[in-house]
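Pasting work.cif here (mmCIF, N, CA and C atoms):
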data_data
loop_
_atom_site.label_atom_id
_atom_site.label_comp_id
_atom_site.auth_asym_id
_atom_site.auth_seq_id
_atom_site.Cartn_x
_atom_site.Cartn_y
_atom_site.Cartn_z
N MET A 1477 94.51 -120.93 -135.26
CA MET A 1477 94.09 -122.05 -136.09
C MET A 1477 95.24 -122.42 -137.03
N ALA A 1478 95.50 -123.72 -137.14
CA ALA A 1478 96.58 -124.20 -137.99
C ALA A 1478 96.18 -124.12 -139.45
N PRO A 1479 97.14 -123.83 -140.32
CA PRO A 1479 96.85 -123.82 -141.75
C PRO A 1479 96.52 -125.24 -142.22
N LEU A 1480 95.87 -125.36 -143.38
CA LEU A 1480 95.55 -126.67 -143.93
C LEU A 1480 96.83 -127.29 -144.47
N ILE A 1481 97.27 -128.35 -143.82
CA ILE A 1481 98.52 -129.03 -144.17
C ILE A 1481 98.19 -130.49 -144.48
N ASP A 1482 98.75 -131.00 -145.55
CA ASP A 1482 98.55 -132.39 -145.93
C ASP A 1482 99.69 -133.21 -145.32
N VAL A 1483 99.34 -134.24 -144.54
CA VAL A 1483 100.33 -135.11 -143.92
C VAL A 1483 100.41 -136.39 -144.75
N ILE A 1484 101.58 -136.62 -145.33
CA ILE A 1484 101.81 -137.80 -146.16
C ILE A 1484 102.22 -138.94 -145.23
N LYS A 1485 101.41 -139.99 -145.22
CA LYS A 1485 101.63 -141.12 -144.34
C LYS A 1485 102.66 -142.07 -144.94
N ARG A 1486 103.31 -142.85 -144.10
CA ARG A 1486 104.29 -143.82 -144.59
C ARG A 1486 103.59 -145.07 -145.11
N GLY A 1487 104.29 -145.83 -145.86
CA GLY A 1487 103.77 -147.10 -146.34
C GLY A 1487 102.70 -146.99 -147.40
N GLY A 1488 102.60 -145.84 -148.07
CA GLY A 1488 101.64 -145.69 -149.13
C GLY A 1488 100.20 -145.48 -148.67
N ARG A 1489 100.00 -145.30 -147.36
CA ARG A 1489 98.64 -145.04 -146.87
C ARG A 1489 98.19 -143.67 -147.35
N PRO A 1490 96.87 -143.47 -147.45
CA PRO A 1490 96.36 -142.17 -147.91
C PRO A 1490 96.79 -141.03 -146.97
N SER A 1491 97.06 -139.88 -147.55
CA SER A 1491 97.43 -138.72 -146.74
C SER A 1491 96.20 -138.21 -146.00
N GLU A 1492 96.43 -137.38 -144.99
CA GLU A 1492 95.33 -136.80 -144.24
C GLU A 1492 95.70 -135.38 -143.83
N ALA A 1493 94.70 -134.60 -143.50
CA ALA A 1493 94.94 -133.22 -143.07
C ALA A 1493 95.55 -133.22 -141.67
N PHE A 1494 96.46 -132.28 -141.43
CA PHE A 1494 97.05 -132.12 -140.10
C PHE A 1494 95.93 -131.87 -139.10
N ASP A 1495 96.01 -132.55 -137.97
CA ASP A 1495 95.01 -132.45 -136.91
C ASP A 1495 95.73 -132.16 -135.60
N ARG A 1496 95.65 -130.91 -135.16
CA ARG A 1496 96.33 -130.52 -133.93
C ARG A 1496 95.83 -131.34 -132.74
N THR A 1497 94.55 -131.65 -132.71
CA THR A 1497 94.00 -132.43 -131.61
C THR A 1497 94.63 -133.82 -131.55
N LYS A 1498 94.81 -134.43 -132.69
CA LYS A 1498 95.45 -135.75 -132.75
C LYS A 1498 96.89 -135.68 -132.26
N LEU A 1499 97.61 -134.66 -132.68
CA LEU A 1499 98.99 -134.46 -132.23
C LEU A 1499 99.01 -134.24 -130.72
N HIS A 1500 98.12 -133.38 -130.23
CA HIS A 1500 98.05 -133.08 -128.80
C HIS A 1500 97.82 -134.36 -127.99
N ARG A 1501 96.87 -135.19 -128.43
CA ARG A 1501 96.59 -136.44 -127.71
C ARG A 1501 97.81 -137.35 -127.67
N SER A 1502 98.54 -137.42 -128.77
CA SER A 1502 99.70 -138.32 -128.80
C SER A 1502 100.81 -137.81 -127.88
N ILE A 1503 100.97 -136.51 -127.78
CA ILE A 1503 101.99 -135.95 -126.89
C ILE A 1503 101.57 -136.13 -125.43
N VAL A 1504 100.28 -135.91 -125.14
CA VAL A 1504 99.79 -136.16 -123.77
C VAL A 1504 100.05 -137.62 -123.39
N ALA A 1505 99.78 -138.55 -124.31
CA ALA A 1505 100.00 -139.97 -124.03
C ALA A 1505 101.46 -140.26 -123.70
N ALA A 1506 102.38 -139.63 -124.42
CA ALA A 1506 103.81 -139.82 -124.13
C ALA A 1506 104.15 -139.28 -122.74
N CYS A 1507 103.60 -138.13 -122.41
CA CYS A 1507 103.85 -137.55 -121.08
C CYS A 1507 103.28 -138.43 -119.97
N LEU A 1508 102.08 -138.91 -120.17
CA LEU A 1508 101.46 -139.78 -119.16
C LEU A 1508 102.22 -141.09 -119.01
N SER A 1509 102.82 -141.56 -120.09
CA SER A 1509 103.59 -142.80 -120.05
C SER A 1509 104.81 -142.70 -119.16
N VAL A 1510 105.29 -141.49 -118.97
CA VAL A 1510 106.44 -141.30 -118.07
C VAL A 1510 105.99 -140.67 -116.75
N ARG A 1511 104.73 -140.91 -116.42
CA ARG A 1511 104.12 -140.55 -115.13
C ARG A 1511 104.06 -139.05 -114.84
N THR A 1512 103.80 -138.28 -115.87
CA THR A 1512 103.56 -136.85 -115.71
C THR A 1512 102.10 -136.67 -115.30
N PRO A 1513 101.81 -135.84 -114.30
CA PRO A 1513 100.41 -135.61 -113.94
C PRO A 1513 99.61 -135.10 -115.15
N HIS A 1514 98.34 -135.49 -115.22
CA HIS A 1514 97.53 -135.21 -116.41
C HIS A 1514 97.46 -133.72 -116.76
N GLY A 1515 97.22 -132.87 -115.79
CA GLY A 1515 97.14 -131.43 -116.06
C GLY A 1515 98.44 -130.89 -116.62
N GLN A 1516 99.55 -131.34 -116.05
CA GLN A 1516 100.86 -130.90 -116.53
C GLN A 1516 101.11 -131.45 -117.94
N ALA A 1517 100.71 -132.70 -118.18
CA ALA A 1517 100.88 -133.30 -119.52
C ALA A 1517 100.10 -132.50 -120.56
N ASP A 1518 98.91 -132.08 -120.22
CA ASP A 1518 98.08 -131.30 -121.13
C ASP A 1518 98.74 -129.95 -121.45
N ASP A 1519 99.27 -129.28 -120.42
CA ASP A 1519 99.96 -128.00 -120.62
C ASP A 1519 101.20 -128.16 -121.50
N ILE A 1520 101.98 -129.19 -121.21
CA ILE A 1520 103.20 -129.44 -121.99
C ILE A 1520 102.84 -129.73 -123.44
N ALA A 1521 101.81 -130.54 -123.65
CA ALA A 1521 101.39 -130.88 -125.02
C ALA A 1521 100.94 -129.63 -125.78
N ALA A 1522 100.23 -128.75 -125.10
CA ALA A 1522 99.77 -127.52 -125.76
C ALA A 1522 100.97 -126.68 -126.21
N ARG A 1523 101.97 -126.56 -125.36
CA ARG A 1523 103.16 -125.77 -125.74
C ARG A 1523 103.94 -126.44 -126.86
N ALA A 1524 104.06 -127.75 -126.80
CA ALA A 1524 104.78 -128.47 -127.86
C ALA A 1524 104.03 -128.34 -129.19
N CYS A 1525 102.72 -128.43 -129.16
CA CYS A 1525 101.91 -128.26 -130.37
C CYS A 1525 102.05 -126.86 -130.94
N ASP A 1526 102.13 -125.85 -130.07
CA ASP A 1526 102.35 -124.48 -130.55
C ASP A 1526 103.62 -124.39 -131.37
N GLY A 1527 104.68 -125.05 -130.89
CA GLY A 1527 105.95 -125.05 -131.63
C GLY A 1527 105.82 -125.72 -132.99
N VAL A 1528 105.09 -126.81 -133.05
CA VAL A 1528 104.89 -127.52 -134.32
C VAL A 1528 104.08 -126.66 -135.28
N VAL A 1529 103.03 -126.03 -134.79
CA VAL A 1529 102.18 -125.20 -135.65
C VAL A 1529 102.98 -124.03 -136.23
N LEU A 1530 103.87 -123.44 -135.45
CA LEU A 1530 104.73 -122.37 -135.97
C LEU A 1530 105.62 -122.90 -137.09
N TRP A 1531 106.12 -124.09 -136.93
CA TRP A 1531 106.97 -124.72 -137.94
C TRP A 1531 106.19 -125.00 -139.23
N LEU A 1532 104.90 -125.28 -139.10
CA LEU A 1532 104.07 -125.64 -140.24
C LEU A 1532 103.65 -124.47 -141.13
N VAL A 1533 103.83 -123.25 -140.66
CA VAL A 1533 103.27 -122.07 -141.32
C VAL A 1533 103.50 -122.03 -142.83
N ASP A 1534 104.68 -122.30 -143.31
CA ASP A 1534 104.98 -122.18 -144.74
C ASP A 1534 105.03 -123.52 -145.47
N ARG A 1535 104.45 -124.55 -144.89
CA ARG A 1535 104.54 -125.87 -145.50
C ARG A 1535 103.15 -126.37 -145.93
N PRO A 1536 102.96 -126.60 -147.22
CA PRO A 1536 101.65 -127.11 -147.67
C PRO A 1536 101.49 -128.60 -147.39
N GLN A 1537 102.61 -129.33 -147.28
CA GLN A 1537 102.55 -130.75 -146.95
C GLN A 1537 103.83 -131.17 -146.24
N ILE A 1538 103.68 -132.21 -145.42
CA ILE A 1538 104.81 -132.76 -144.67
C ILE A 1538 104.63 -134.27 -144.60
N THR A 1539 105.69 -134.97 -144.24
CA THR A 1539 105.56 -136.41 -144.03
C THR A 1539 105.23 -136.64 -142.55
N SER A 1540 104.63 -137.77 -142.26
CA SER A 1540 104.33 -138.10 -140.87
C SER A 1540 105.63 -138.25 -140.07
N ALA A 1541 106.70 -138.71 -140.71
CA ALA A 1541 107.99 -138.84 -140.03
C ALA A 1541 108.54 -137.46 -139.65
N ASP A 1542 108.41 -136.49 -140.56
CA ASP A 1542 108.86 -135.13 -140.24
C ASP A 1542 108.03 -134.53 -139.11
N LEU A 1543 106.73 -134.80 -139.13
CA LEU A 1543 105.86 -134.30 -138.07
C LEU A 1543 106.25 -134.89 -136.72
N ARG A 1544 106.50 -136.18 -136.67
CA ARG A 1544 106.91 -136.83 -135.42
C ARG A 1544 108.25 -136.26 -134.94
N ARG A 1545 109.18 -136.08 -135.85
CA ARG A 1545 110.50 -135.56 -135.49
C ARG A 1545 110.39 -134.14 -134.94
N LYS A 1546 109.61 -133.29 -135.60
CA LYS A 1546 109.47 -131.91 -135.14
C LYS A 1546 108.71 -131.85 -133.81
N ALA A 1547 107.70 -132.70 -133.65
CA ALA A 1547 106.96 -132.74 -132.39
C ALA A 1547 107.87 -133.18 -131.24
N ALA A 1548 108.72 -134.15 -131.49
CA ALA A 1548 109.67 -134.61 -130.47
C ALA A 1548 110.66 -133.50 -130.12
N ASP A 1549 111.13 -132.78 -131.12
CA ASP A 1549 112.04 -131.66 -130.87
C ASP A 1549 111.37 -130.59 -130.01
N SER A 1550 110.13 -130.27 -130.34
CA SER A 1550 109.39 -129.25 -129.59
C SER A 1550 109.11 -129.73 -128.17
N LEU A 1551 108.75 -130.99 -128.02
CA LEU A 1551 108.48 -131.57 -126.71
C LEU A 1551 109.74 -131.61 -125.85
N HIS A 1552 110.89 -131.84 -126.46
CA HIS A 1552 112.14 -131.95 -125.73
C HIS A 1552 112.43 -130.72 -124.86
N ALA A 1553 112.04 -129.56 -125.34
CA ALA A 1553 112.27 -128.32 -124.58
C ALA A 1553 111.47 -128.30 -123.28
N HIS A 1554 110.38 -129.06 -123.22
CA HIS A 1554 109.49 -129.04 -122.07
C HIS A 1554 109.56 -130.30 -121.22
N HIS A 1555 109.91 -131.43 -121.85
CA HIS A 1555 109.95 -132.70 -121.12
C HIS A 1555 110.84 -133.69 -121.88
N PRO A 1556 112.15 -133.66 -121.65
CA PRO A 1556 113.08 -134.51 -122.41
C PRO A 1556 112.77 -136.01 -122.34
N GLU A 1557 112.34 -136.49 -121.18
CA GLU A 1557 112.06 -137.93 -121.06
C GLU A 1557 110.87 -138.33 -121.93
N ALA A 1558 109.81 -137.54 -121.91
CA ALA A 1558 108.65 -137.82 -122.76
C ALA A 1558 109.02 -137.67 -124.24
N ALA A 1559 109.88 -136.72 -124.55
CA ALA A 1559 110.31 -136.51 -125.94
C ALA A 1559 111.05 -137.74 -126.46
N TYR A 1560 111.89 -138.33 -125.62
CA TYR A 1560 112.62 -139.54 -126.02
C TYR A 1560 111.63 -140.65 -126.34
N LEU A 1561 110.66 -140.85 -125.47
CA LEU A 1561 109.65 -141.88 -125.68
C LEU A 1561 108.84 -141.59 -126.95
N TYR A 1562 108.46 -140.34 -127.14
CA TYR A 1562 107.68 -139.94 -128.32
C TYR A 1562 108.46 -140.20 -129.60
N ARG A 1563 109.73 -139.82 -129.60
CA ARG A 1563 110.57 -139.98 -130.80
C ARG A 1563 110.75 -141.45 -131.17
N HIS A 1564 110.88 -142.30 -130.17
CA HIS A 1564 111.21 -143.70 -130.42
C HIS A 1564 110.02 -144.64 -130.25
N HIS A 1565 108.83 -144.11 -130.21
CA HIS A 1565 107.62 -144.91 -129.97
C HIS A 1565 107.50 -146.10 -130.91
N THR A 1566 107.71 -145.93 -132.18
CA THR A 1566 107.51 -147.04 -133.12
C THR A 1566 108.57 -148.13 -132.94
N MET A 1567 109.71 -147.78 -132.36
CA MET A 1567 110.74 -148.79 -132.13
C MET A 1567 110.51 -149.52 -130.82
N ILE A 1568 109.75 -148.92 -129.90
CA ILE A 1568 109.56 -149.49 -128.58
C ILE A 1568 108.45 -150.54 -128.59
N ILE A 1569 107.38 -150.29 -129.33
CA ILE A 1569 106.25 -151.23 -129.31
C ILE A 1569 106.34 -152.24 -130.42
#
Represent the structure from my file as structure tokens, please.
Amino acid sequence: MAPLIDVIKRGGRPSEAFDRTKLHRSIVAACLSVRTPHGQADDIAARACDGVVLWLVDRPQITSADLRRKAADSLHAHHPEAAYLYRHHTMII
């Protein structure tokens, strides 16, 4: 179980608690966008989320930008193409 972490959103939006499920869904979406089979995307997302949760251990709060950057770094070890898409998502759409 992930520790209670406050995620500070950009643009002055209210902060929210870290949600591993939300992170997992976003990583799966990036994997599926580059045509990764769903089961494999789910496995990759779980491993990438594990890396992020380890990074969060000593942090009471983080920014959403730091969370995205760390998630992309963790994803890169498992799927570089999906990691590129994940990292640059806001610039692509």
Practice task
Please provide the set of residues having any atom within 8 Å of segment 1499-1503 of chain A, restricted to only N, CA and C atoms, with same-chain residues fewer than 4 positions apart removed, written as an NGL selection string.
Solution key: :A and (1494-1495 or 1507-1509 or 1517-1518 or 1520-1522 or 1524-1525 or 1547 or 1551 or 1558 or 1562)
Exercise for the section: List every residue of chain A that DSSP, applied to the backbone of this structure, assigns to helix (DSSP H, G or I), and report them as a count of residues only. Expected result: 61
Practice task
Give me the residues within 6 Å of Lys1485 of chain A as a VMD selection string, counting only C-alpha atoms and dropping any in the same chain fewer than 4 places off.
Solution key: chain A and resid 1489 1491 1540
Problem - Shortest interatomic distance to Ala1548 of chain A - which of A:Ile1481, A:Leu1561, A:Gln1516, A:Val1510, counting only N, CA and C atoms - result: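 Using only N, CA and C atoms, the shortest distance to Ala1548 of chain A belongs to A:Leu1561.
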Exercise for the section: Find, counting all atoms listed in the file, the residue in A:Arg1496, A:Ala1506, A:Gly1527, A:Leu1480 that gets nearest to Asp1549 of chain A. Expected result: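 Of all the options, A:Gly1527 lies closest to Asp1549 of chain A.
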Handout entry: Evaluate the PyMOL selection byres (((chain A and resi 1486 and name CA) around 12) and name CA) and report residues as JSON, numbers by chain
Key = {"A": [1483, 1484, 1485, 1487, 1488, 1489, 1490, 1491, 1492, 1538, 1539, 1540, 1541, 1542, 1543, 1544]}
Taking all atoms of segment 1487-1504 of chain A that the file lists and extending 5 Å past them on each side, where is the centre of the axis-aligned box and how long are its edges? Answer in Å to one decimal, as JSON.
{"center_x": 99.1, "center_y": -138.8, "center_z": -136.3, "size_x": 20.3, "size_y": 26.6, "size_z": 35.7}
Practice task
Just give me the gap between atom C of Leu1530 of chain A and atom CA of Ala1505 of chain A in Å, one decimal is fine.
Solution key: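 Going from atom C of Leu1530 of chain A over to atom CA of Ala1505 of chain A, I get 22.2 Å.
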Practice task
Would you please give, as a VMD selection string, all residues of chain A that DSSP assigns to strand (DSSP E or B) based on the backbone?
Solution key: chain A and resid 1482 to 1484 1492 to 1493 1537 to 1539
Handout entry: Distance criterion (only C-alpha atoms): nearest to Trp1531 of chain A out of A:Lys1498, A:His1514, A:Lys1546, A:His1565
Key =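 Closest residue, counting only C-alpha atoms: A:Lys1546.
You will find atom CA of His1564 of chain A at 22.7 Å from atom CA of Gln1537 of chain A.
Straight-line separation from atom C of Val1533 of chain A to atom C of His1554 of chain A: 23.9 Å.
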